[in-house]
Amino acid sequence: MNRNLFLLLICSIALACNGPGGGRSIELAIEGAGGKTVYFDRFENNQPYRVDSVVLDASGNGSMHIPQLPLDFYRILLDNEQLIVALDTAESLEVTANVGSLATPASITGSKHSEALHAFYEQASAFDKKNQELRATISAGGEAEAITELNTLNSTFYAQCKDFVKSNMSSPAALTALGKLNMDQELTLFTQVRDSLRKTMPRSGFFAMFRDQVDRMDQQRIAMKAQEEEMKRLSNLLPIGSEAPEIRQQTPDGGTLALSDLRGKVVLIDFWASWCRPCRIENPNVKRVYERYAKKGFEILGVSLDRDHASWVKAIKDDGLPWKHVSDLGYWNNAAAQEYGAQSIPYTVLVDRDGKILDKGLRGEQLEARLAQLMGS
């Protein structure tokens, strides 16, 4: 292409994009608004900023010529009324409305994003109206049929919201419908919209808030899955019926005690610590169980995750704990806690008379019921 012809073409495109009239036009016909000023605002950090305005003629008609702006939500403002629209860089808009109902215009055309947005608004409004009617009927005593109809209405609208999102995944309108859905249940759909809008409206403040919210939920889901896998791994590490690993640590008086020394008794290995408030709160319950079953061949081996000997001994004395106690004062690195997979405390492992694992994580009523089953009430 001739160099001069190429430069002329570039100049022509620039004039078309940035010359008078900008990237789009907004045609307004608002009944009853003759002589009033209408404003067009963009949003930044959730705050509106003025882009253009027009004084409507006596019939309520007027035009605004908006410069090219990225795909996002925008606002048309008249007195205290506002109309939210969704526009891309090239879309123009024609709005027909009445004073007092600008938010629900008679017609809105020219923008596929705004048309979709307001079609959803109408659908949601019809749902809300019917929902309120049914709830009023239920409150008045007409429960049976109304409850069934309400449940059907809710499930149908929920499905419609999902369908709308799937059909408008790259549009700001999808964000409005997503607000009606449960993010925890529909996280896959939320992440799909996030990834889609990242391509179409990456600089939008509304998208940024949505993206951050989905990212947090996504990370929480990943963390929960990792935690579940870890708990499963730890559970498989010492399955029920397997041999309980030996524990051999120091007693408060400086001696040594091993789990195998208690062979022949049903033993509750109780992982705890003086600094663990839930453990201290649970101690009276454990003490009650011990006093009930100690004479029937039941013993407790308290394994402390303390790191200070004096604090450990003081807690035993203060709480009046009469059973066996050991610790290596290794805090969370306590060797037995590591081997038994004690990720939180209090944590218990119940061992039978032959040193086999009977159960894990028993506390309170569950522990009492299990001991009653094993040793009689």
# chains A, B, ... in the order shown; residues from 1 in each chain; ligands from 1
>>> residues_around(residues="stretch 143-153 of chain A", least_positions_apart="4", cutoff="12 Å", atoms="only C-alpha atoms", output="JSON, numbers by chain")
{"A": [124, 126, 127, 128, 129, 130, 131, 132, 133, 134, 135, 136, 137, 138, 139, 157, 158, 159, 160]}
>>> residues_around(residues="A:Glu282", least_positions_apart="2", cutoff="12 Å", atoms="only C-alpha atoms", output="tab-separated table (two decimals) with C-alpha atoms, in the first residue's frame")
chain	number	residue	atom	x	y	z
A	270	ASP	CA	-5.87	-37.71	74.95
A	271	PHE	CA	-3.84	-35.09	73.07
A	272	TRP	CA	-4.16	-31.76	74.90
A	273	ALA	CA	-2.15	-28.80	76.30
A	274	SER	CA	-2.29	-26.35	79.17
A	276	CYS	CA	-5.53	-25.08	74.81
A	277	ARG	CA	-8.72	-23.49	76.14
A	278	PRO	CA	-11.10	-26.04	74.48
A	279	CYS	CA	-9.01	-28.80	76.09
A	280	ARG	CA	-9.30	-27.23	79.53
A	284	PRO	CA	-14.18	-31.97	83.49
A	285	ASN	CA	-16.09	-34.19	81.03
A	286	VAL	CA	-13.05	-36.43	80.54
A	287	LYS	CA	-12.59	-36.58	84.31
A	288	ARG	CA	-16.20	-37.70	84.80
A	289	VAL	CA	-15.76	-40.51	82.28
A	319	ASP	CA	-7.75	-29.34	86.71
A	321	LEU	CA	-6.43	-34.84	86.34
A	345	ILE	CA	-6.58	-30.49	69.97
A	346	PRO	CA	-8.30	-31.83	71.93
A	347	TYR	CA	-7.94	-35.04	69.92
A	348	THR	CA	-8.44	-38.59	71.15
A	362	LEU	CA	-14.39	-39.33	70.46
A	363	ARG	CA	-15.43	-36.73	73.04
A	364	GLY	CA	-18.31	-36.09	75.45
A	365	GLU	CA	-21.44	-38.18	74.88
>>> residues_around(residues="stretch 201-212 of chain A", least_positions_apart="5", cutoff="6 Å", atoms="only C-alpha atoms", output="list of chain:residue names")
A:Asn45, A:Leu71, A:Arg194
>>> write_last_selection(atoms="C-alpha atoms", output="PDB file, in the first residue's frame")
ATOM      1  CA  ASN A  45     -14.456   2.813  42.379  1.00  0.00           C
ATOM      2  CA  LEU A  71     -17.872  -2.408  28.120  1.00  0.00           C
ATOM      3  CA  ARG A 194     -15.106 -14.512  35.822  1.00  0.00           C
TER       4      ARG A 194
END
>>> residues_around(residues="A:Trp275", least_positions_apart="6", cutoff="9 Å", atoms="only C-alpha atoms", output="VMD selection string")
chain A and resid 305 to 306 311 to 312 315
>>> residues_around(residues="A:Gly297", least_positions_apart="3", cutoff="8 Å", atoms="only C-alpha atoms", output="PyMOL selection string")
chain A and resi 264-266+293-294
>>> atom_distance(atom1="atom CA of A:Arg50", atom2="atom CA of A:Ser92")
17.8 Å
>>> atom_distance(atom1="atom CA of A:Gly179", atom2="atom CA of A:Pro48")
21.3 Å
>>> select_by_dssp(residues="stretch 57-211 of chain A", states="strand (DSSP E or B)", output="list in words")
Asn61, Gly62, Ser63, Met64, His65, Ile66, Asp72, Phe73, Tyr74, Arg75, Ile76, Leu77, Leu78, Glu81, Gln82, Leu83, Ile84, Val85, Ala86, Leu87, Leu93, Glu94, Val95, Thr96, Ala97, Asn98, Ser107, Ile108 and Thr109 of chain A
